[in-house]
Structure formats: structure tokens, C-alpha cells
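A.B. asks: mmCIF, C-alpha atoms and all ligand atoms, file protein14.cif:
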```cif
data_upload
#
loop_
_atom_site.label_atom_id
_atom_site.label_comp_id
_atom_site.auth_asym_id
_atom_site.auth_seq_id
_atom_site.Cartn_x
_atom_site.Cartn_y
_atom_site.Cartn_z
CA MET A 13 -49.79 -89.33 -40.09
CA ALA A 14 -52.79 -88.27 -38.01
CA ALA A 15 -52.46 -84.91 -36.24
CA GLU A 16 -51.97 -84.87 -32.45
CA PRO A 17 -55.32 -84.81 -30.60
CA GLY A 18 -56.35 -81.20 -30.14
CA LEU A 19 -57.91 -79.11 -27.41
CA GLY A 20 -61.61 -78.32 -27.69
CA VAL A 21 -63.17 -75.40 -25.84
CA VAL A 22 -66.90 -74.76 -25.46
CA VAL A 23 -68.27 -71.56 -23.94
CA GLY A 24 -71.76 -71.75 -22.44
CA GLY A 25 -73.11 -74.64 -20.41
CA GLY A 26 -76.67 -74.81 -21.78
CA GLY A 27 -78.38 -77.40 -23.97
CA LEU A 28 -76.16 -76.93 -27.00
CA GLY A 29 -72.99 -76.21 -25.03
CA LEU A 30 -73.20 -79.48 -23.10
CA ALA A 31 -74.05 -81.41 -26.28
CA LEU A 32 -71.00 -79.87 -27.98
CA VAL A 33 -68.85 -81.02 -25.05
CA ARG A 34 -70.23 -84.57 -25.51
CA ALA A 35 -69.54 -84.43 -29.25
CA MET A 36 -65.94 -83.31 -28.65
CA ARG A 37 -65.45 -85.97 -25.96
CA ALA A 38 -66.61 -88.64 -28.46
CA ASP A 39 -64.29 -87.34 -31.21
CA PRO A 40 -60.72 -88.70 -31.17
CA ALA A 41 -59.58 -85.40 -32.70
CA TYR A 42 -59.90 -83.89 -29.19
CA GLY A 43 -57.69 -85.18 -26.41
CA ARG A 44 -58.90 -82.61 -23.92
CA VAL A 45 -62.07 -80.53 -23.59
CA ILE A 46 -62.59 -77.38 -21.52
CA LEU A 47 -66.04 -75.93 -20.83
CA ILE A 48 -66.29 -72.29 -19.80
CA ALA A 49 -69.66 -71.71 -18.10
CA ARG A 50 -70.97 -69.03 -15.78
CA ARG A 51 -72.02 -71.56 -13.14
CA VAL A 52 -71.03 -75.08 -12.10
CA VAL A 53 -72.53 -77.66 -14.46
CA GLU A 54 -72.07 -81.42 -14.91
CA ALA A 55 -69.95 -81.94 -18.01
CA PRO A 56 -68.43 -85.43 -17.77
CA GLY A 57 -64.94 -85.62 -19.22
CA ALA A 58 -64.48 -81.86 -19.46
CA GLU A 59 -62.69 -79.42 -17.18
CA VAL A 60 -65.16 -76.72 -16.18
CA LEU A 61 -63.94 -73.13 -15.76
CA ILE A 62 -66.31 -70.56 -14.34
CA ALA A 63 -66.65 -67.30 -16.26
CA ASP A 64 -69.50 -65.09 -17.32
CA VAL A 65 -68.85 -63.91 -20.88
CA LEU A 66 -69.31 -60.32 -19.70
CA ASP A 67 -66.79 -60.62 -16.84
CA GLU A 68 -63.47 -59.65 -18.42
CA ALA A 69 -61.36 -60.55 -15.38
CA ALA A 70 -62.90 -64.04 -15.24
CA LEU A 71 -62.37 -64.43 -19.00
CA ASP A 72 -58.71 -63.44 -18.59
CA ARG A 73 -58.29 -66.17 -15.97
CA ALA A 74 -60.07 -68.75 -18.14
CA ALA A 75 -57.90 -67.80 -21.13
CA GLU A 76 -54.76 -68.29 -19.04
CA THR A 77 -55.90 -71.83 -18.19
CA VAL A 78 -56.70 -72.53 -21.84
CA ALA A 79 -53.30 -71.18 -22.93
CA ALA A 80 -51.55 -73.44 -20.40
CA ALA A 81 -53.49 -76.48 -21.71
CA GLY A 82 -52.14 -75.91 -25.23
CA PRO A 83 -53.41 -74.20 -28.35
CA PRO A 84 -57.15 -74.77 -28.76
CA THR A 85 -57.91 -76.34 -32.13
CA ARG A 86 -61.66 -75.74 -31.84
CA VAL A 87 -63.58 -73.12 -29.88
CA ILE A 88 -67.38 -72.91 -30.01
CA VAL A 89 -69.21 -70.12 -28.24
CA ALA A 90 -72.63 -71.48 -27.29
CA SER A 91 -73.75 -68.92 -24.72
CA GLY A 92 -76.72 -66.71 -25.46
CA VAL A 93 -80.08 -65.41 -24.37
CA LEU A 94 -83.51 -65.17 -25.98
CA HIS A 95 -85.69 -64.85 -22.89
CA GLY A 96 -85.31 -64.51 -19.14
CA ARG A 97 -83.69 -61.91 -16.84
CA GLY A 98 -85.90 -59.09 -18.16
CA VAL A 99 -85.60 -60.22 -21.79
CA GLN A 100 -88.54 -61.45 -23.87
CA PRO A 101 -88.55 -61.55 -27.67
CA GLU A 102 -90.54 -58.49 -28.78
CA LYS A 103 -93.70 -59.07 -30.79
CA ALA A 104 -94.01 -55.41 -31.81
CA MET A 105 -92.16 -52.10 -31.50
CA ARG A 106 -94.18 -51.06 -28.46
CA ALA A 107 -92.36 -53.77 -26.51
CA LEU A 108 -88.92 -52.24 -27.12
CA SER A 109 -87.07 -51.23 -23.96
CA ALA A 110 -83.58 -49.89 -23.47
CA ASP A 111 -82.76 -52.36 -20.71
CA ALA A 112 -83.87 -55.48 -22.59
CA LEU A 113 -82.25 -54.40 -25.87
CA THR A 114 -79.00 -53.61 -24.10
CA GLU A 115 -78.99 -56.92 -22.20
CA VAL A 116 -79.55 -59.07 -25.29
CA LEU A 117 -76.90 -57.17 -27.25
CA ARG A 118 -74.44 -57.52 -24.40
CA VAL A 119 -74.92 -61.26 -23.92
CA ASN A 120 -75.26 -62.28 -27.58
CA ALA A 121 -72.82 -59.92 -29.33
CA VAL A 122 -70.47 -58.31 -26.81
CA GLY A 123 -69.85 -61.54 -24.84
CA PRO A 124 -68.70 -63.68 -27.80
CA ALA A 125 -66.46 -60.80 -28.97
CA LEU A 126 -64.79 -60.65 -25.55
CA VAL A 127 -64.25 -64.43 -25.71
CA ALA A 128 -62.85 -64.19 -29.26
CA ARG A 129 -60.48 -61.41 -28.26
CA ARG A 130 -58.88 -63.78 -25.75
CA LEU A 131 -59.11 -67.18 -27.44
CA LEU A 132 -58.56 -66.47 -31.17
CA PRO A 133 -54.92 -65.42 -30.60
CA LEU A 134 -54.29 -68.72 -28.76
CA MET A 135 -55.28 -70.87 -31.74
CA PRO A 136 -52.47 -72.70 -33.56
CA ARG A 137 -50.81 -71.03 -36.54
CA ASP A 138 -49.42 -74.23 -38.05
CA ARG A 139 -52.49 -76.47 -38.24
CA ALA A 140 -56.18 -76.29 -39.08
CA SER A 141 -58.46 -74.85 -36.41
CA ALA A 142 -61.97 -73.47 -36.09
CA PHE A 143 -63.52 -70.77 -33.94
CA ALA A 144 -67.33 -70.59 -34.18
CA ALA A 145 -70.03 -68.59 -32.46
CA LEU A 146 -73.59 -69.86 -32.41
CA SER A 147 -75.64 -67.24 -34.20
CA ALA A 148 -79.17 -67.74 -35.55
CA ARG A 149 -80.80 -67.56 -38.97
CA VAL A 150 -83.12 -64.84 -37.64
CA GLY A 151 -79.99 -62.64 -37.47
CA SER A 152 -79.89 -62.63 -41.27
CA ILE A 153 -81.01 -59.16 -42.40
CA SER A 154 -81.88 -60.22 -45.94
CA ASP A 155 -83.87 -63.23 -44.68
CA ASN A 156 -86.02 -61.11 -42.32
CA ARG A 157 -89.53 -61.15 -43.75
CA LEU A 158 -91.59 -61.72 -40.58
CA GLY A 159 -90.28 -58.97 -38.28
CA GLY A 160 -90.53 -59.28 -34.49
CA TRP A 161 -87.80 -60.44 -32.10
CA HIS A 162 -86.09 -57.09 -32.68
CA GLY A 163 -83.45 -57.40 -29.97
CA TYR A 164 -82.48 -61.03 -30.60
CA ARG A 165 -82.31 -60.47 -34.37
CA ALA A 166 -80.22 -57.32 -33.93
CA SER A 167 -77.89 -59.06 -31.46
CA LYS A 168 -77.21 -61.93 -33.86
CA ALA A 169 -76.72 -59.53 -36.81
CA ALA A 170 -74.20 -57.65 -34.64
CA LEU A 171 -72.53 -60.94 -33.70
CA ASN A 172 -72.29 -61.87 -37.38
CA MET A 173 -70.54 -58.58 -38.19
CA LEU A 174 -68.14 -59.03 -35.29
CA ILE A 175 -67.29 -62.58 -36.44
CA ARG A 176 -66.73 -61.41 -40.02
CA THR A 177 -64.47 -58.60 -38.84
CA LEU A 178 -62.55 -60.85 -36.45
CA ALA A 179 -62.11 -63.44 -39.23
CA ILE A 180 -60.43 -60.90 -41.53
CA GLU A 181 -57.91 -60.01 -38.83
CA HIS A 182 -57.43 -63.65 -37.73
CA ARG A 183 -56.58 -64.94 -41.20
CA ARG A 184 -53.57 -62.63 -41.44
CA THR A 185 -51.84 -64.52 -38.63
CA HIS A 186 -53.69 -67.87 -38.81
CA PRO A 187 -54.08 -68.74 -42.51
CA LEU A 188 -55.22 -72.29 -41.71
CA GLY A 189 -57.88 -71.21 -39.22
CA VAL A 190 -61.55 -70.50 -39.79
CA CYS A 191 -63.69 -68.10 -37.77
CA VAL A 192 -67.40 -68.39 -38.55
CA ALA A 193 -70.97 -67.88 -37.35
CA LEU A 194 -73.19 -70.98 -37.23
CA HIS A 195 -76.96 -71.53 -37.16
CA PRO A 196 -77.74 -74.77 -35.28
CA GLY A 197 -81.32 -75.19 -36.53
CA THR A 198 -84.21 -75.18 -34.07
CA VAL A 199 -82.95 -77.21 -31.14
CA ASP A 200 -84.85 -78.55 -28.14
CA THR A 201 -83.22 -76.55 -25.32
CA PRO A 202 -84.50 -74.19 -22.60
CA LEU A 203 -83.83 -71.27 -24.98
CA SER A 204 -86.30 -72.48 -27.62
CA ALA A 205 -88.74 -74.27 -25.26
CA PRO A 206 -91.39 -71.50 -25.12
CA PHE A 207 -91.32 -71.08 -28.91
CA GLN A 208 -91.49 -74.65 -30.19
CA ARG A 209 -95.21 -74.67 -30.97
CA GLY A 210 -95.66 -74.87 -34.72
CA VAL A 211 -92.21 -76.37 -35.30
CA ALA A 212 -92.63 -79.68 -37.15
CA ALA A 213 -91.20 -82.60 -35.16
CA GLU A 214 -88.62 -83.39 -37.83
CA ARG A 215 -87.39 -79.76 -37.75
CA LEU A 216 -86.86 -79.77 -33.97
CA PHE A 217 -83.40 -81.25 -33.37
CA SER A 218 -82.12 -82.85 -30.22
CA PRO A 219 -79.07 -81.01 -28.85
CA ASP A 220 -76.88 -84.05 -29.66
CA LYS A 221 -78.06 -84.16 -33.27
CA ALA A 222 -77.43 -80.43 -33.71
CA ALA A 223 -74.01 -80.65 -32.03
CA SER A 224 -72.84 -83.47 -34.23
CA ALA A 225 -74.11 -81.66 -37.35
CA LEU A 226 -72.24 -78.47 -36.33
CA MET A 227 -69.04 -80.40 -35.62
CA GLY A 228 -69.35 -81.98 -39.08
CA VAL A 229 -69.80 -78.56 -40.70
CA LEU A 230 -66.66 -77.24 -38.98
CA ASP A 231 -64.68 -80.37 -39.93
CA ALA A 232 -65.52 -79.77 -43.58
CA LEU A 233 -64.96 -76.00 -43.85
CA PRO A 234 -61.79 -75.07 -45.76
CA PRO A 235 -59.76 -72.01 -44.68
CA GLU A 236 -61.35 -69.98 -47.50
CA ALA A 237 -64.71 -70.35 -45.72
CA THR A 238 -63.55 -68.09 -42.91
CA GLY A 239 -65.77 -65.12 -42.11
CA GLY A 240 -68.95 -66.87 -43.30
CA PHE A 241 -72.33 -67.73 -41.80
CA TYR A 242 -73.32 -71.41 -42.12
CA ALA A 243 -76.30 -73.53 -41.13
CA TRP A 244 -76.25 -76.96 -39.45
CA ASP A 245 -76.39 -78.61 -42.91
CA GLY A 246 -73.37 -76.70 -44.20
CA ALA A 247 -75.42 -74.32 -46.38
CA GLU A 248 -74.20 -70.70 -46.42
CA ILE A 249 -76.77 -68.25 -45.01
CA PRO A 250 -77.06 -64.82 -46.67
CA TRP A 251 -76.26 -61.86 -44.44
N1 LIG A 301 -81.97 -73.68 -29.34
C1 LIG A 301 -82.20 -73.15 -30.53
O1 LIG A 301 -83.20 -73.49 -31.20
C2 LIG A 301 -81.24 -72.15 -31.12
C3 LIG A 301 -81.49 -71.70 -32.44
C4 LIG A 301 -80.62 -70.75 -32.99
C5 LIG A 301 -79.53 -70.30 -32.27
N2 LIG A 301 -79.32 -70.77 -31.00
C6 LIG A 301 -78.17 -70.23 -30.26
O2 LIG A 301 -77.41 -71.28 -29.70
C7 LIG A 301 -76.77 -70.82 -28.51
C8 LIG A 301 -76.98 -71.85 -27.40
O3 LIG A 301 -78.36 -71.86 -27.07
P1 LIG A 301 -79.07 -73.09 -26.33
O4 LIG A 301 -80.19 -73.47 -27.21
O5 LIG A 301 -78.08 -74.08 -25.89
O6 LIG A 301 -79.72 -72.31 -25.09
P2 LIG A 301 -79.60 -72.58 -23.51
O7 LIG A 301 -79.80 -74.02 -23.23
O8 LIG A 301 -80.51 -71.58 -22.90
O9 LIG A 301 -78.08 -72.22 -23.23
C9 LIG A 301 -77.61 -70.90 -23.24
C10 LIG A 301 -76.49 -70.84 -22.25
O10 LIG A 301 -75.91 -69.55 -22.29
C11 LIG A 301 -75.51 -69.27 -20.97
N3 LIG A 301 -75.32 -67.84 -20.77
C12 LIG A 301 -76.26 -66.85 -20.86
N4 LIG A 301 -75.70 -65.68 -20.54
C13 LIG A 301 -74.40 -65.93 -20.24
C14 LIG A 301 -73.31 -65.13 -19.82
N5 LIG A 301 -73.46 -63.81 -19.64
N6 LIG A 301 -72.11 -65.73 -19.61
C15 LIG A 301 -71.96 -67.06 -19.78
N7 LIG A 301 -72.96 -67.87 -20.16
C16 LIG A 301 -74.16 -67.31 -20.40
C17 LIG A 301 -76.67 -69.77 -20.12
O11 LIG A 301 -76.23 -69.91 -18.79
P3 LIG A 301 -77.23 -70.33 -17.61
O12 LIG A 301 -77.46 -71.80 -17.80
O13 LIG A 301 -76.47 -70.01 -16.38
O14 LIG A 301 -78.48 -69.50 -17.81
C18 LIG A 301 -76.96 -71.07 -20.80
O15 LIG A 301 -76.21 -72.12 -20.23
C19 LIG A 301 -77.33 -69.43 -28.23
O16 LIG A 301 -76.43 -68.45 -28.68
C20 LIG A 301 -78.59 -69.38 -29.08
O17 LIG A 301 -78.92 -68.06 -29.47
C21 LIG A 301 -80.14 -71.68 -30.41
#
```
Represent the structure of the file as C-alpha cells.
Ligand SMILES: NC(=O)c1ccc[n+]([C@@H]2O[C@H](COP(=O)([O-])OP(=O)(O)OC[C@H]3O[C@@H](n4cnc5c(N)ncnc54)[C@H](OP(=O)(O)O)[C@@H]3O)[C@@H](O)[C@H]2O)c1

C.D. replies:
Amino acid sequence: MAAEPGLGVVVGGGGLGLALVRAMRADPAYGRVILIARRVVEAPGAEVLIADVLDEAALDRAAETVAAAGPPTRVIVASGVLHGRGVQPEKAMRALSADALTEVLRVNAVGPALVARRLLPLMPRDRASAFAALSARVGSISDNRLGGWHGYRASKAALNMLIRTLAIEHRRTHPLGVCVALHPGTVDTPLSAPFQRGVAAERLFSPDKAASALMGVLDALPPEATGGFYAWDGAEIPW
């Protein structure tokens, strides 16, 4: 017998977040979809809750609404920053600044952890579920051969460690759940727009293509995969 349709939650209303909402809306495994974004966005078919990932009171309110809607069977955190609001990926160490480093770490690592703290405990204990945060391959320490982008890389490495640590705790109470970091590939969104030069056309994914690939990866991950770091094609990425 097919499982009851689940509740999907996406955090972050940017290019990938909205594409993930569309992918969940198109998937009969999700009867209801909630988008948590920091401003009002058009997300047809989803309920939109307003919360900045760094606003703990707003996250508490959003989590209460999610809890009332039923246990979320899939949560994907798709908020993040690479440039804007005083942040620019650093080309060299002379560009490092306390404010920019702190901002990128707060948005990309602290924010998803604050979301996880509230939503992981709401996930069902008696059926499969997945919590994922969108990380980036450049957050892999062992894969870093080019340097640069110090703050963004460090923020995603920190996010990866938080996800791994959360996964260990989560599996004690939710043995059927997975909690992972995902790399979506290079995706045509405002975040990557200034940095797409030199990316071969076939390596630049549309948000919908990336979202459906990520949903497929999560569908296929067994509980033992929890705590890992996976790319859009399902390949495990070394830390
Ligand atoms: N695109 C790529 O090639 C790529 C590659 C690797 C990893 N990723 C990761 O994928 C995720 C999604 O990126 P994207 O490509 O969809 O970028 P995007 O279109 O710029 O979306 C990012 C979203 O994050 C939201 N956000 C930023 N700070 C926030 C905060 N404090 N609270 C709540 N929301 C916040 C932004 O809100 P506003 O709209 O209000 O600014 C925006 O909607 C990011 O974590 C990114 O690092 C993307």
C-alpha cells in the first residue's frame, strides 16, 4: 500500500527554492508544500511562511505552523548567499573582512542549523524522511585545489560539519530518516549569475533540472546514507 502523501517544506525562496517547491508540487508523494522565505514570493500551490533563517522568533512561529500541518517528510534548506549585502567571493586573502566573513557564515551555516534545530524533531519516526541542506562542492576541504572564495567555502564546510553532527543525533530517534548535505551542480540562478562565464552550457543546469535531480537523489538514499554529502547525480563528495 502506498504511504499517505507527505508534507514537503522548502526554506529559501530563490531560484532553487522555488524550483524545489515546483518539484514537490508535481510529486504525488507530497500532499502539501510549505515554503519558508524571508519575503513574500509567488510559489503557486505552496503556503508561504515568512521567516529569515537568522530570526529565531520567526523560525519558532514557522515551526509551529509546520508542526500543525503534520510531520514533514522532506525538508530542504535552499537559502544561502554568495554575493550581495556586503558579501563578495574573495579572490585573495587581502579581500578578507570580518563583516563579510561573519555574514556569509551566519547565513550559510548558522541559519540552516537554526532551521534544523526546529524542523528535524518534527520529522516522522515511523516512516522514511529526508532533511537536506544545499551545500556546495567548493565546501569540500579535500577537493579545494584552486583557493579563493574563502568565506563561502568556509561557510559550506561549516554547514557540512553541522549536518553531519545533526545526523548522528537525529538517527538515534529517527532511524528511518536521512539528514544530508547536497551539491546541486552549477545552477542558473541569481546566486551563480555573475560567475557563469567559463561554465560549459551542458554543465549549467536550469533550476528545474537541478531540483528534480536533487529530489531523485533524496528518494534513493537509504537510511544508512545519513550524515553524508552528495552531488546532484547521487555521487558522494569527499569532505
Ligand atoms: N546556483 C548554484 O549554482 C549553486 C551551486 C552550489 C550551491 N548552491 C546553493 O544552493 C542554495 C540556493 O541557491 P540559489 O542558487 O537558489 O540562489 P538564490 O536564487 O540567490 O536563492 C538564495 C535564496 O536564499 C535566500 N536567503 C538569503 N539569506 C536569507 C536569510 N537570512 N533568510 C532566509 N532566506 C535567505 C534569498 O532570499 P532573497 O531572495 O530575499 O535574497 C534567496 O531567495 C544556496 O545555499 C547556494 O549556496 C547554489

A.B. asks: Would you mind reading off the distance between atom N1 of ligand LIG 301 (chain A) and CA of Leu178 in chain A, one decimal, in Å?

C.D. replies: 24.3 Å

A.B. asks: Residues within 8 Å of ligand LIG 301 (chain A) (only C-alpha atoms and all ligand atoms), as a PDB file with C-alpha atoms, in the frame of the given file?

C.D. replies:
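Okay, this is what ended up in pocket31.pdb:
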```pdb
ATOM      1  CA  VAL A  23     -68.270 -71.560 -23.940  1.00  0.00           C
ATOM      2  CA  GLY A  24     -71.760 -71.750 -22.440  1.00  0.00           C
ATOM      3  CA  GLY A  25     -73.110 -74.640 -20.410  1.00  0.00           C
ATOM      4  CA  GLY A  26     -76.670 -74.810 -21.780  1.00  0.00           C
ATOM      5  CA  GLY A  27     -78.380 -77.400 -23.970  1.00  0.00           C
ATOM      6  CA  LEU A  28     -76.160 -76.930 -27.000  1.00  0.00           C
ATOM      7  CA  GLY A  29     -72.990 -76.210 -25.030  1.00  0.00           C
ATOM      8  CA  LEU A  30     -73.200 -79.480 -23.100  1.00  0.00           C
ATOM      9  CA  ILE A  48     -66.290 -72.290 -19.800  1.00  0.00           C
ATOM     10  CA  ALA A  49     -69.660 -71.710 -18.100  1.00  0.00           C
ATOM     11  CA  ARG A  50     -70.970 -69.030 -15.780  1.00  0.00           C
ATOM     12  CA  ARG A  51     -72.020 -71.560 -13.140  1.00  0.00           C
ATOM     13  CA  ALA A  63     -66.650 -67.300 -16.260  1.00  0.00           C
ATOM     14  CA  ASP A  64     -69.500 -65.090 -17.320  1.00  0.00           C
ATOM     15  CA  VAL A  65     -68.850 -63.910 -20.880  1.00  0.00           C
ATOM     16  CA  LEU A  66     -69.310 -60.320 -19.700  1.00  0.00           C
ATOM     17  CA  ASP A  67     -66.790 -60.620 -16.840  1.00  0.00           C
ATOM     18  CA  VAL A  89     -69.210 -70.120 -28.240  1.00  0.00           C
ATOM     19  CA  ALA A  90     -72.630 -71.480 -27.290  1.00  0.00           C
ATOM     20  CA  SER A  91     -73.750 -68.920 -24.720  1.00  0.00           C
ATOM     21  CA  GLY A  92     -76.720 -66.710 -25.460  1.00  0.00           C
ATOM     22  CA  VAL A  93     -80.080 -65.410 -24.370  1.00  0.00           C
ATOM     23  CA  LEU A  94     -83.510 -65.170 -25.980  1.00  0.00           C
ATOM     24  CA  ARG A 118     -74.440 -57.520 -24.400  1.00  0.00           C
ATOM     25  CA  VAL A 119     -74.920 -61.260 -23.920  1.00  0.00           C
ATOM     26  CA  ASN A 120     -75.260 -62.280 -27.580  1.00  0.00           C
ATOM     27  CA  GLY A 123     -69.850 -61.540 -24.840  1.00  0.00           C
ATOM     28  CA  ALA A 145     -70.030 -68.590 -32.460  1.00  0.00           C
ATOM     29  CA  LEU A 146     -73.590 -69.860 -32.410  1.00  0.00           C
ATOM     30  CA  SER A 147     -75.640 -67.240 -34.200  1.00  0.00           C
ATOM     31  CA  ALA A 148     -79.170 -67.740 -35.550  1.00  0.00           C
ATOM     32  CA  ARG A 149     -80.800 -67.560 -38.970  1.00  0.00           C
ATOM     33  CA  VAL A 150     -83.120 -64.840 -37.640  1.00  0.00           C
ATOM     34  CA  TYR A 164     -82.480 -61.030 -30.600  1.00  0.00           C
ATOM     35  CA  LYS A 168     -77.210 -61.930 -33.860  1.00  0.00           C
ATOM     36  CA  HIS A 195     -76.960 -71.530 -37.160  1.00  0.00           C
ATOM     37  CA  PRO A 196     -77.740 -74.770 -35.280  1.00  0.00           C
ATOM     38  CA  GLY A 197     -81.320 -75.190 -36.530  1.00  0.00           C
ATOM     39  CA  THR A 198     -84.210 -75.180 -34.070  1.00  0.00           C
ATOM     40  CA  VAL A 199     -82.950 -77.210 -31.140  1.00  0.00           C
ATOM     41  CA  ASP A 200     -84.850 -78.550 -28.140  1.00  0.00           C
ATOM     42  CA  THR A 201     -83.220 -76.550 -25.320  1.00  0.00           C
ATOM     43  CA  PRO A 202     -84.500 -74.190 -22.600  1.00  0.00           C
ATOM     44  CA  LEU A 203     -83.830 -71.270 -24.980  1.00  0.00           C
ATOM     45  CA  SER A 204     -86.300 -72.480 -27.620  1.00  0.00           C
ATOM     46  CA  ALA A 205     -88.740 -74.270 -25.260  1.00  0.00           C
ATOM     47  CA  LEU A 216     -86.860 -79.770 -33.970  1.00  0.00           C
ATOM     48  CA  PRO A 219     -79.070 -81.010 -28.850  1.00  0.00           C
TER      49      PRO A 219
END
```

A.B. asks: Work out how far apart CA of Ser218 in chain A and CA of Ala31 in chain A are and give it in Å to one decimal.

C.D. replies: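 Taking CA of Ser218 in chain A and CA of Ala31 in chain A, their separation equals 9.1 Å.
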
A.B. asks: Quick one: residues within 12 Å of range 106-113 of chain A, all atoms listed in the file, excluding same-chain residues fewer than 2 positions away - as a ChimeraX atom specification?

C.D. replies: /A:93-104,115-121,160-167

A.B. asks: Neighbours of range 81-87 of chain A within 7 Å (all atoms listed in the file; same-chain residues fewer than 3 positions away dropped), as a PyMOL selection string?

C.D. replies: chain A and resi 18-22+77-78+134-136+141-144

A.B. asks: With a distance cut-off of 10 Å and all atoms listed in the file, select the neighbouring residues of Pro56 in chain A, excluding the residue or stretch itself and same-chain residues fewer than 5 positions from it, and output the selection as a PyMOL selection string.

C.D. replies: chain A and resi 30+33-34+37+45

A.B. asks: So which one's closest to Ala222 in chain A, A:Leu32, A:Ala15, A:Ala75, A:Ala80? Using all atoms listed in the file, please.

C.D. replies: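 Counting all atoms listed in the file, the residue closest to Ala222 in chain A is A:Leu32.
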
A.B. asks: Find, counting all atoms listed in the file, the residue in A:Pro17, A:Gly57, A:Pro250, A:Gly239 that gets nearest to Gly151 in chain A.

C.D. replies: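 Of A:Pro17, A:Gly57, A:Pro250, A:Gly239, the one nearest Gly151 in chain A is A:Pro250, counting all atoms listed in the file.
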
A.B. asks: Considering only C-alpha atoms, state which residue in the set A:Ile88, A:Leu171, A:Met227, A:Ile46 is at the smallest distance from Leu132 in chain A.

C.D. replies: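 When distances to Leu132 in chain A are compared using only C-alpha atoms, the smallest one comes from A:Ile88.
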
A.B. asks: So which one's closest to Arg129 in chain A, A:Gly228, A:Phe207, A:Tyr242, A:Asp72? Using only C-alpha atoms, please.

C.D. replies: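 The answer is A:Asp72, which sits nearest to Arg129 in chain A.
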
A.B. asks: Work out how far apart CA of Pro206 in chain A and CA of Ile249 in chain A are and give it in Å to one decimal.

C.D. replies: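 Distance between the two atoms: 24.9 Å.
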
A.B. asks: Which is closer to Ala125 in chain A than all the others in A:Ile175, A:Glu76, A:Arg209, A:Arg137, using only C-alpha atoms?

C.D. replies: A:Ile175
